[in-house]
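Content type compact mmCIF, C-alpha atoms, from the file upload_16.txt:
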# COMPACT_ATOMS: atom_id res chain seq x y z
CA MET A 25 171.90 110.68 169.17
CA ASP A 26 171.73 108.66 172.40
CA GLY A 27 171.94 105.46 170.45
CA PHE A 28 175.11 106.62 168.76
CA GLU A 29 176.92 107.02 172.06
CA GLU A 30 175.66 103.72 173.35
CA GLU A 31 176.85 101.88 170.29
CA PHE A 32 180.45 102.96 170.87
CA ASP A 33 180.48 102.58 174.63
CA THR A 34 182.96 99.73 174.88
CA GLU A 35 184.46 100.65 178.23
CA GLY A 36 185.18 97.59 180.31
CA VAL A 37 185.15 95.13 177.44
CA VAL A 38 188.23 92.95 177.78
CA LYS A 39 189.08 90.39 175.15
CA LYS A 40 191.78 87.78 175.05
CA PHE A 41 194.27 88.87 172.38
CA MET A 42 197.10 86.69 171.19
CA PHE A 43 199.88 88.17 169.06
CA VAL A 44 201.79 85.54 167.10
CA ASN A 45 205.26 86.66 166.03
CA ARG A 46 206.62 84.49 163.25
CA LYS A 47 209.14 86.75 161.50
CA ALA A 48 212.77 87.64 162.16
CA PRO A 49 213.18 91.19 163.51
CA TYR A 50 214.79 93.37 160.81
CA GLY A 51 214.28 91.82 157.37
CA THR A 52 210.63 92.89 157.29
CA ILE A 53 208.47 95.36 159.22
CA TYR A 54 206.12 92.69 160.66
CA ALA A 55 207.90 92.30 164.01
CA LEU A 56 207.88 96.01 164.80
CA GLU A 57 204.26 96.41 163.69
CA ILE A 58 203.10 93.54 165.91
CA LEU A 59 204.97 95.06 168.84
CA GLU A 60 203.11 98.36 168.26
CA MET A 61 199.82 96.45 168.33
CA VAL A 62 200.77 94.72 171.58
CA LEU A 63 201.41 98.12 173.17
CA ILE A 64 198.12 99.49 171.84
CA SER A 65 196.21 96.51 173.22
CA ALA A 66 197.90 97.12 176.58
CA ALA A 67 196.87 100.79 176.48
CA PHE A 68 193.27 99.60 176.13
CA ASP A 69 193.71 97.22 179.10
CA GLN A 70 193.21 94.13 177.01
CA ASP A 71 194.26 90.63 178.07
CA ALA A 72 197.25 90.23 175.76
CA SER A 73 199.60 87.32 175.30
CA VAL A 74 202.55 87.27 172.94
CA VAL A 75 203.89 84.22 171.15
CA PHE A 76 207.28 83.84 169.47
CA MET A 77 207.51 80.99 167.00
CA ASP A 78 209.26 80.13 163.72
CA ASP A 79 211.75 82.94 162.96
CA GLY A 80 209.87 85.12 165.48
CA VAL A 81 212.01 83.61 168.24
CA PHE A 82 214.94 85.63 166.84
CA GLN A 83 213.12 88.86 167.84
CA ILE A 84 213.98 88.35 171.50
CA LYS A 85 217.55 87.15 171.01
CA LYS A 86 220.01 88.85 173.34
CA GLY A 87 222.88 91.00 172.10
CA GLN A 88 221.21 92.80 169.19
CA ASP A 89 223.18 95.86 168.08
CA THR A 90 221.72 97.70 165.11
CA THR A 91 224.11 100.66 165.11
CA ALA A 92 225.79 99.63 161.85
CA VAL A 93 222.55 98.96 159.94
CA ASN A 94 220.89 102.26 160.89
CA MET A 95 217.73 100.66 162.22
CA LYS A 96 216.01 100.90 165.59
CA ASN A 97 216.87 98.05 167.94
CA PHE A 98 213.45 97.37 169.44
CA SER A 99 214.41 94.27 171.42
CA PRO A 100 214.68 96.28 174.73
CA THR A 101 210.99 97.17 174.35
CA PHE A 102 210.07 93.55 175.06
CA ARG A 103 211.56 94.03 178.51
CA ALA A 104 209.24 97.00 179.08
CA LEU A 105 206.08 94.97 178.38
CA GLU A 106 205.89 93.89 182.00
CA GLY A 107 205.30 97.53 182.94
CA TYR A 108 202.22 97.48 180.71
CA ASP A 109 200.95 94.32 182.40
CA VAL A 110 201.79 92.22 179.37
CA GLU A 111 203.37 89.29 181.15
CA LYS A 112 202.27 86.29 179.14
CA LEU A 113 205.15 85.65 176.76
CA TYR A 114 205.40 82.24 175.14
CA VAL A 115 208.03 80.62 172.96
CA GLU A 116 207.30 77.55 170.90
CA LYS A 117 209.77 74.87 171.94
CA GLU A 118 210.17 73.33 168.49
CA SER A 119 211.06 76.67 166.86
CA MET A 120 213.51 77.56 169.62
CA GLU A 121 215.33 74.24 169.40
CA ALA A 122 215.55 74.26 165.60
CA ARG A 123 217.40 77.58 165.89
CA GLY A 124 219.86 76.37 168.52
CA LEU A 125 218.44 78.69 171.21
CA THR A 126 217.64 78.24 174.90
CA PRO A 127 215.66 80.47 177.31
CA ASP A 128 219.02 81.95 178.42
CA ASP A 129 219.41 83.47 174.95
CA PHE A 130 216.33 85.69 175.36
CA VAL A 131 216.10 89.30 176.61
CA VAL A 132 212.94 88.49 178.61
CA PRO A 133 211.75 85.58 180.73
CA VAL A 134 209.41 83.44 178.66
CA GLU A 135 207.35 80.32 179.10
CA VAL A 136 208.46 77.63 176.67
CA LEU A 137 205.57 75.55 175.37
CA ALA A 138 205.42 72.64 172.98
CA ALA A 139 203.29 73.16 169.87
CA GLU A 140 200.62 70.93 171.30
CA GLU A 141 200.25 73.05 174.46
CA LEU A 142 200.39 76.27 172.47
CA SER A 143 197.61 75.13 170.18
CA VAL A 144 195.31 74.79 173.21
CA LEU A 145 196.09 78.37 174.34
CA MET A 146 195.61 79.66 170.81
CA ASP A 147 192.21 78.06 170.60
CA GLU A 148 191.07 79.86 173.78
CA GLN A 149 191.61 83.37 172.35
CA ASP A 150 189.00 85.88 171.24
CA VAL A 151 191.36 87.53 168.77
CA VAL A 152 194.54 86.15 167.22
CA ILE A 153 196.79 88.49 165.28
CA GLY A 154 199.67 86.98 163.36
CA GLY A 155 202.64 88.47 161.63
CA MET B 17 230.22 84.60 140.12
CA LEU B 18 228.74 86.07 143.29
CA HIS B 19 225.38 84.89 144.61
CA THR B 20 223.67 86.84 147.38
CA VAL B 21 220.99 85.45 149.70
CA ASN B 22 219.03 87.80 151.99
CA LYS B 23 216.19 85.56 153.24
CA SER B 24 216.09 83.26 156.26
CA PRO B 25 216.68 79.61 155.30
CA PHE B 26 213.80 78.68 157.64
CA GLU B 27 211.26 80.91 155.98
CA ARG B 28 211.98 80.75 152.26
CA GLY B 29 213.38 78.36 149.72
CA THR B 30 215.78 81.04 148.48
CA PHE B 31 218.88 79.51 150.02
CA ASP B 32 218.04 76.07 148.63
CA SER B 33 217.40 77.46 145.14
CA CYS B 34 220.75 79.22 145.23
CA MET B 35 222.50 76.02 146.28
CA ARG B 36 220.78 74.11 143.47
CA LEU B 37 221.62 76.59 140.72
CA ALA B 38 224.98 78.07 141.68
CA LYS B 39 227.89 76.55 139.80
CA LYS B 40 230.60 74.86 141.86
CA GLY B 41 233.31 77.31 142.84
CA SER B 42 230.88 80.21 143.15
CA THR B 43 230.97 82.66 146.02
CA ILE B 44 227.91 83.02 148.27
CA LEU B 45 227.29 86.13 150.38
CA LEU B 46 224.68 85.93 153.13
CA TYR B 47 223.15 89.23 154.30
CA GLU B 48 220.02 90.61 156.01
CA ASP B 49 217.89 87.62 157.19
CA GLY B 50 220.13 85.36 155.08
CA VAL B 51 222.77 85.59 157.84
CA TYR B 52 220.84 83.09 159.97
CA ALA B 53 222.08 80.40 157.56
CA ALA B 54 225.63 81.05 158.79
CA MET B 55 224.83 79.85 162.33
CA LYS B 56 226.17 76.55 163.57
CA GLY B 57 224.13 74.13 165.66
CA ILE B 58 220.80 74.99 164.05
CA ALA B 59 218.47 72.89 161.90
CA THR B 60 219.89 74.23 158.63
CA SER B 61 223.60 74.05 159.58
CA GLY B 62 224.11 70.60 158.08
CA LYS B 63 223.23 71.61 154.56
CA VAL B 64 225.36 74.74 154.72
CA GLU B 65 228.33 72.76 156.03
CA ALA B 66 227.88 70.25 153.20
CA ALA B 67 227.73 73.07 150.64
CA MET B 68 231.03 74.48 151.83
CA ALA B 69 232.80 71.80 149.81
CA ASP B 70 231.52 73.48 146.65
CA PHE B 71 231.28 77.17 147.51
CA SER B 72 233.07 79.85 149.49
CA PHE B 73 230.75 81.57 151.96
CA PHE B 74 230.79 85.12 153.25
CA VAL B 75 228.43 86.80 155.71
CA LEU B 76 227.78 90.50 156.31
CA GLY B 77 228.99 91.58 159.75
CA PRO B 78 226.61 94.50 160.43
CA ASP B 79 223.61 92.21 159.81
CA LEU B 80 225.02 89.61 162.22
CA LYS B 81 225.48 92.26 164.92
CA ALA B 82 221.97 93.64 164.41
CA ARG B 83 220.58 90.15 165.03
CA GLY B 84 222.77 89.44 168.04
CA ILE B 85 224.72 86.62 166.40
CA ASP B 86 228.26 86.39 167.79
CA GLU B 87 231.18 85.37 165.58
CA ASP B 88 231.69 82.25 167.71
CA LYS B 89 228.21 81.06 166.71
CA LEU B 90 229.18 80.88 163.04
CA ILE B 91 229.98 77.76 161.06
CA ALA B 92 233.78 77.50 160.81
CA GLY B 93 235.12 78.66 157.47
CA ILE B 94 232.47 81.30 156.79
CA GLU B 95 234.19 84.65 156.48
CA THR B 96 232.68 87.85 157.85
CA VAL B 97 232.89 91.00 155.72
CA ASP B 98 231.81 94.61 156.28
CA TYR B 99 230.08 96.86 153.72
CA GLY B 100 233.43 97.59 152.07
CA GLY B 101 234.04 93.86 151.76
CA PHE B 102 230.61 93.44 150.13
CA VAL B 103 231.60 96.04 147.51
CA ASP B 104 234.97 94.34 146.97
CA LEU B 105 233.26 90.99 146.35
CA VAL B 106 230.90 92.57 143.82
CA ALA B 107 233.79 94.27 142.01
CA GLU B 108 235.94 91.14 142.10
CA LYS B 109 233.36 88.56 140.99
CA GLY B 110 231.84 90.58 138.16
CA THR B 111 228.38 89.10 137.80
CA VAL B 112 226.03 89.12 140.79
CA GLN B 113 222.95 87.01 141.11
CA ALA B 114 220.69 88.27 143.89
CA TRP B 115 218.42 85.54 145.24
CA LEU B 116 215.71 87.73 146.78

Before we go any further, please render this structure as structure tokens.
Amino acid sequence: MDGFEEEFDTEGVVKKFMFVNRKAPYGTIYALEILEMVLISAAFDQDASVVFMDDGVFQIKKGQDTTAVNMKNFSPTFRALEGYDVEKLYVEKESMEARGLTPDDFVVPVEVLAAEELSVLMDEQDVVIGG
Amino acid sequence: MLHTVNKSPFERGTFDSCMRLAKKGSTILLYEDGVYAAMKGIATSGKVEAAMADFSFFVLGPDLKARGIDEDKLIAGIETVDYGGFVDLVAEKGTVQAWL
């Protein structure tokens, strides 16, 4: 059974993961599920970056208060990502501007990139997970 | 007649379909991700503002709060209602068409 153990010995393997958030936070479960995956990737010490584009930029909008809709407000969790060494947060400029938002509207500091710059980063990844 | 829209105007054609098919004078209620359409100064604001000549617009307050959208970010003339107001609109307008 030596071979069996060897086959699953993945310790030390670090891949570049990019999580691409494209959905608004509460209308569907995508946003929360992606966030769970980001945290899991961090637990496995992976090189994770997180992108917010299209309606995904609404996920990090300040001032969310879900008390009246009986749902979990998970926007504060984005602020905790730094503690898991997930520090590469990107917002697509075009999406942000179309929604009347500026970096001041976000709960976390982000790097704003134009689609053209983002496409280069995306192309450098080992794994891209969208939702 | 009451038309309800619960999808983001950026992501789906639901809002546009509603605008195309709703008869003038109808009432439109935006809720869930549909509330983003009520924001001013965004890419879709122009078409909503234009549609206000034909329809009366309402937006669900709890869904705005959940998404962090302040009242002062809304297009002028769109009225905010709570869950009770949603029920009142349904009772008042009779027929409801839900654009899902």

Could you give me, as CSV, a per-residue list for stretch 36-96 of chain A showing, wherever an atom lies at most 8 Å from an atom of stretch 76-91 of chain B, the closest pair of atoms and their distance in Å to one decimal, using only C-alpha atoms and sorting by chain then residue number from low to high?
residue,atom,partner,partner_atom,distance
A:Pro49,CA,B:Arg83,CA,7.6
A:Tyr50,CA,B:Arg83,CA,7.9
A:Phe82,CA,B:Arg83,CA,7.5
A:Lys85,CA,B:Gly84,CA,6.4
A:Lys86,CA,B:Gly84,CA,6.0
A:Gly87,CA,B:Gly84,CA,4.4
A:Gln88,CA,B:Gly84,CA,3.9
A:Asp89,CA,B:Ala82,CA,4.5
A:Thr90,CA,B:Ala82,CA,4.1
A:Thr91,CA,B:Ala82,CA,7.4
A:Ala92,CA,B:Pro78,CA,5.4
A:Val93,CA,B:Pro78,CA,6.1

Could you name the residues that touch A:Val115 at 9 Å or less, counting only C-alpha atoms, but leaving out those on the same chain fewer than 6 positions away, as a PDB file with C-alpha atoms, in the coordinates of the input?
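The resulting part-v2.pdb:
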ATOM      1  CA  VAL A  74     202.550  87.270 172.940  1.00  0.00           C
ATOM      2  CA  VAL A  75     203.890  84.220 171.150  1.00  0.00           C
ATOM      3  CA  PHE A  76     207.280  83.840 169.470  1.00  0.00           C
ATOM      4  CA  MET A  77     207.510  80.990 167.000  1.00  0.00           C
ATOM      5  CA  GLY A  80     209.870  85.120 165.480  1.00  0.00           C
ATOM      6  CA  VAL A  81     212.010  83.610 168.240  1.00  0.00           C
ATOM      7  CA  PRO A 127     215.660  80.470 177.310  1.00  0.00           C
ATOM      8  CA  VAL A 134     209.410  83.440 178.660  1.00  0.00           C
ATOM      9  CA  GLU A 135     207.350  80.320 179.100  1.00  0.00           C
ATOM     10  CA  VAL A 136     208.460  77.630 176.670  1.00  0.00           C
ATOM     11  CA  LEU A 137     205.570  75.550 175.370  1.00  0.00           C
ATOM     12  CA  ALA A 138     205.420  72.640 172.980  1.00  0.00           C
ATOM     13  CA  LEU A 142     200.390  76.270 172.470  1.00  0.00           C
TER      14      LEU A 142
END

Within 10 Å of file point (187.6, 93.9, 173.8), counting only C-alpha atoms, expressed as a PyMOL selection string: chain A and resi 34-41+65+68-71+150-151

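Counting only C-alpha atoms, stretch 32-45 of chain B has the following residues at most 6 Å away, ignoring those fewer than 2 positions along the same chain: Met17, Leu18, His19, Thr20, Gly29, Thr30, Asp70, Phe71, Ser72, Phe73, Phe74 and Val75 of chain B.
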
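One finds atom CA of A:Gln83 at 10.2 Å from atom CA of A:Pro100.
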
Spatial sel., origin (197.0, 96.5, 182.3), limit 6 Å, all atoms listed in the file, listed as a PyMOL selection string: chain A and resi 66+69+108-109

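For the pair atom CA of B:Ala92 and atom CA of A:Val132, the separation is 29.5 Å.
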
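Coordinates place atom CA of A:Ile53 at a distance of 9.3 Å from atom CA of A:Gly155.
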
Selection near B:Phe26, 12 Å with only C-alpha atoms, sequence-local residues under 5 positions removed, as a PyMOL selection string: (chain A and resi 46-48+77-82+119+122-123) or (chain B and resi 31-32+49-53+58-61)

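When all atoms listed in the file are used to compute distances to chain B, the closest of the residues A:Lys96, A:Lys117, A:Lys112, A:Arg103 turns out to be A:Lys96.
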